[in-house]
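This report concerns only the one structure given below.
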Amino acid sequence: MKSPNSPLGTFSPLYNHQNSHLSQPKATHLSSTAAAMPPQPLPVASRRRRFRPLRFLALTLLSLIILVGLIILIFYLIVRPSTISYYVDDAHIRNYNLSSSGELTASFDLSLLADNRNHHVSIYYDSLVVAIWYADQMLAFRELPPFHQPKRNTTRLVLSAAAMATPLLGSVADVLKHDRSAGQVALEVRARAKIRFKVGVAKTKHYVMRVYCAPVVVRFSPAAGMFQRAYCDVDV
């Protein structure tokens with residue numbers, strides 16, 4: 001439509017309004033909508049694939065634990081290990097002398113019984129040290145050579161431990177003089193051994209065995225009476 005005041009005429013305002021409306025961009029509305037959308041979770045199949053290695057590892061560890069437990073149970077039912085027993089079967093004191101300065105010279109003769117009651121287990125003694133203690137002081141010790149103890153066997157260990165001018169504490173010397181006057185003394189026998197067990201053809205690692213025997217009442221005169229066997233505590 002032409003304006004009556006212009007020779008060239010002008011476009012109608014209605015046309016300009018429609019053209020302005022069509023030229024507005026619509027991408028702004030779409031991009032803001034996409035930014036507001038939350039991240040989509042992983043598919044169920046992907047999560048299952050992620051947890052498969054962990055499940056396999058857990059099942060493998062559980063199977064190993066059950067297998068080891070069954071092996072230990074079968075071993076125990078077949079072998080049925082018993083504890084090792086120790087006794088002091090006899091003891092004597094020879095060449096006793098306690099000097100005025102508190103130095104002790106004496107020989108302690110012992111007879112130990114090591115009882116292995118196991119039906120399927122033998123014992124290798126790679127080292128064994130036996131010591132004589134009195135009033136928390138060691139008087140003498142003796143190291144025995146290595147030996148093998150068969151299954152269902154009682155081994156007698158005969159030894160002599162010597163105290164060669166061993167200096168005693170003042171209080172220990174006084175108590176020992178009193179016991180000497182009474183005719184008997186209560187000693188402690190301690191032993192420490194490094195052992196291995198053998199089952200069939202298999203040998204175990206080294207274990208430390210500790211033996212503690214007390215009181216071991218020893219008379220200075222053998223004719224004073226019979227020796228009373230002393231039982232020992234054994235810890236492996």
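Simple scheme: letters A, B, ... for chains in structure tokens order, numbers from 1 for residues in each chain, numbers from 1 for ligands in the order shown.
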Per residue of region 56-114 of chain A within 6 Å of region 157-165 of chain A, which atom pair is closest and at what distance in Å (one decimal), using only C-alpha atoms, listed by chain and increasing number, as a tab-separated table?
residue	atom	partner	partner_atom	distance
A:Glu103	CA	A:Ala165	CA	4.9
A:Leu104	CA	A:Ala165	CA	4.9
A:Thr105	CA	A:Ala165	CA	4.9
A:Ala106	CA	A:Ala163	CA	5.2
A:Ser107	CA	A:Ala162	CA	4.4
A:Phe108	CA	A:Ala161	CA	5.2
A:Asp109	CA	A:Ser160	CA	4.4
A:Leu110	CA	A:Leu159	CA	5.5
A:Ser111	CA	A:Val158	CA	4.5
A:Leu112	CA	A:Leu157	CA	4.9
Export C-alpha atoms of the chosen residues as a CSV table (one decimal), in the first residue's frame?
chain,number,residue,atom,x,y,z
A,103,GLU,CA,80.8,-68.3,94.3
A,104,LEU,CA,79.1,-71.6,93.6
A,105,THR,CA,80.7,-74.7,92.3
A,106,ALA,CA,78.5,-77.7,91.8
A,107,SER,CA,77.4,-80.4,89.2
A,108,PHE,CA,73.7,-80.8,88.6
A,109,ASP,CA,72.8,-84.3,87.2
A,110,LEU,CA,69.5,-84.5,85.5
A,111,SER,CA,67.4,-87.1,83.8
A,112,LEU,CA,64.7,-85.7,81.6
In region 76-172 of chain A, what's strand (DSSP E or B) per DSSP? Answer as a ChimeraX atom specification? /A:85-98,103-116,121-134,137-144,147-149,153-167
Take the residues from that selection and put them in a file with C-alpha atoms, as an mmCIF file, in the first residue's frame.
data_model
loop_
_atom_site.group_PDB
_atom_site.id
_atom_site.type_symbol
_atom_site.label_atom_id
_atom_site.label_comp_id
_atom_site.auth_asym_id
_atom_site.auth_seq_id
_atom_site.Cartn_x
_atom_site.Cartn_y
_atom_site.Cartn_z
ATOM 1 C CA SER A 85 55.205 -83.879 77.550
ATOM 2 C CA TYR A 86 58.333 -83.380 79.654
ATOM 3 C CA TYR A 87 59.250 -84.673 83.124
ATOM 4 C CA VAL A 88 62.272 -84.417 85.382
ATOM 5 C CA ASP A 89 62.662 -88.075 86.298
ATOM 6 C CA ASP A 90 65.776 -87.783 88.474
ATOM 7 C CA ALA A 91 68.156 -85.113 89.774
ATOM 8 C CA HIS A 92 71.264 -84.996 91.974
ATOM 9 C CA ILE A 93 73.808 -82.437 93.146
ATOM 10 C CA ARG A 94 77.502 -83.335 93.240
ATOM 11 C CA ASN A 95 80.669 -81.503 94.260
ATOM 12 C CA TYR A 96 78.740 -78.752 95.991
ATOM 13 C CA ASN A 97 80.763 -75.850 97.356
ATOM 14 C CA LEU A 98 79.725 -72.288 98.153
ATOM 15 C CA GLU A 103 80.826 -68.281 94.347
ATOM 16 C CA LEU A 104 79.071 -71.580 93.640
ATOM 17 C CA THR A 105 80.741 -74.710 92.329
ATOM 18 C CA ALA A 106 78.498 -77.736 91.759
ATOM 19 C CA SER A 107 77.397 -80.357 89.247
ATOM 20 C CA PHE A 108 73.683 -80.836 88.591
ATOM 21 C CA ASP A 109 72.845 -84.271 87.186
ATOM 22 C CA LEU A 110 69.464 -84.476 85.489
ATOM 23 C CA SER A 111 67.403 -87.124 83.780
ATOM 24 C CA LEU A 112 64.664 -85.681 81.555
ATOM 25 C CA LEU A 113 61.907 -87.629 79.830
ATOM 26 C CA ALA A 114 60.577 -86.259 76.528
ATOM 27 C CA ASP A 115 57.312 -87.978 75.613
ATOM 28 C CA ASN A 116 56.052 -87.772 72.015
ATOM 29 C CA VAL A 121 54.309 -86.975 63.850
ATOM 30 C CA SER A 122 58.033 -87.254 64.597
ATOM 31 C CA ILE A 123 60.167 -84.404 65.943
ATOM 32 C CA TYR A 124 63.549 -83.050 64.874
ATOM 33 C CA TYR A 125 65.454 -81.289 67.660
ATOM 34 C CA ASP A 126 67.903 -78.995 65.876
ATOM 35 C CA SER A 127 69.039 -77.385 69.146
ATOM 36 C CA LEU A 128 68.287 -77.908 72.834
ATOM 37 C CA VAL A 129 69.633 -75.980 75.832
ATOM 38 C CA VAL A 130 68.808 -76.992 79.421
ATOM 39 C CA ALA A 131 69.455 -74.543 82.274
ATOM 40 C CA ILE A 132 69.321 -74.767 86.077
ATOM 41 C CA TRP A 133 67.777 -71.779 87.840
ATOM 42 C CA TYR A 134 67.511 -70.890 91.512
ATOM 43 C CA GLN A 137 69.289 -66.623 88.858
ATOM 44 C CA MET A 138 70.754 -69.082 86.370
ATOM 45 C CA LEU A 139 73.318 -71.374 87.996
ATOM 46 C CA ALA A 140 74.395 -73.599 85.099
ATOM 47 C CA PHE A 141 73.358 -74.743 81.619
ATOM 48 C CA ARG A 142 74.097 -77.512 79.151
ATOM 49 C CA GLU A 143 73.626 -77.633 75.377
ATOM 50 C CA LEU A 144 72.629 -81.016 73.946
ATOM 51 C CA PHE A 147 68.558 -85.592 67.627
ATOM 52 C CA HIS A 148 65.422 -87.021 66.044
ATOM 53 C CA GLN A 149 62.556 -88.347 68.132
ATOM 54 C CA ASN A 153 58.412 -92.489 71.544
ATOM 55 C CA THR A 154 59.727 -91.513 74.982
ATOM 56 C CA THR A 155 63.319 -90.283 74.929
ATOM 57 C CA ARG A 156 65.430 -90.068 78.066
ATOM 58 C CA LEU A 157 67.871 -87.149 78.140
ATOM 59 C CA VAL A 158 70.673 -87.591 80.667
ATOM 60 C CA LEU A 159 72.891 -84.560 81.232
ATOM 61 C CA SER A 160 75.149 -82.838 83.717
ATOM 62 C CA ALA A 161 75.287 -79.046 84.012
ATOM 63 C CA ALA A 162 78.230 -77.589 85.916
ATOM 64 C CA ALA A 163 78.505 -74.343 87.843
ATOM 65 C CA MET A 164 82.162 -73.289 87.833
ATOM 66 C CA ALA A 165 82.713 -70.612 90.490
ATOM 67 C CA THR A 166 79.471 -68.911 89.483
ATOM 68 C CA PRO A 167 79.064 -65.648 91.447
#
Proximity to Lys177 (chain A) - best of A:Leu57, A:Ser100, A:Asp136, A:Val201, only C-alpha atoms: A:Ser100
Would you kindly return, as a list in words, each protein, DNA or RNA residue with an atom no farther than 8 Å from any atom of Tyr207 (chain A), considering only C-alpha atoms and excluding same-chain residues fewer than 4 positions away?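 What passes the distance filter is Lys194, Ile195, Arg196 and Val236 of chain A.
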Among listed residues A:Ala186, A:Val208, A:Leu70, A:Arg229, nearest Ala135 (chain A) (using only C-alpha atoms):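 Smallest separation from Ala135 (chain A) among the options: A:Ala186.
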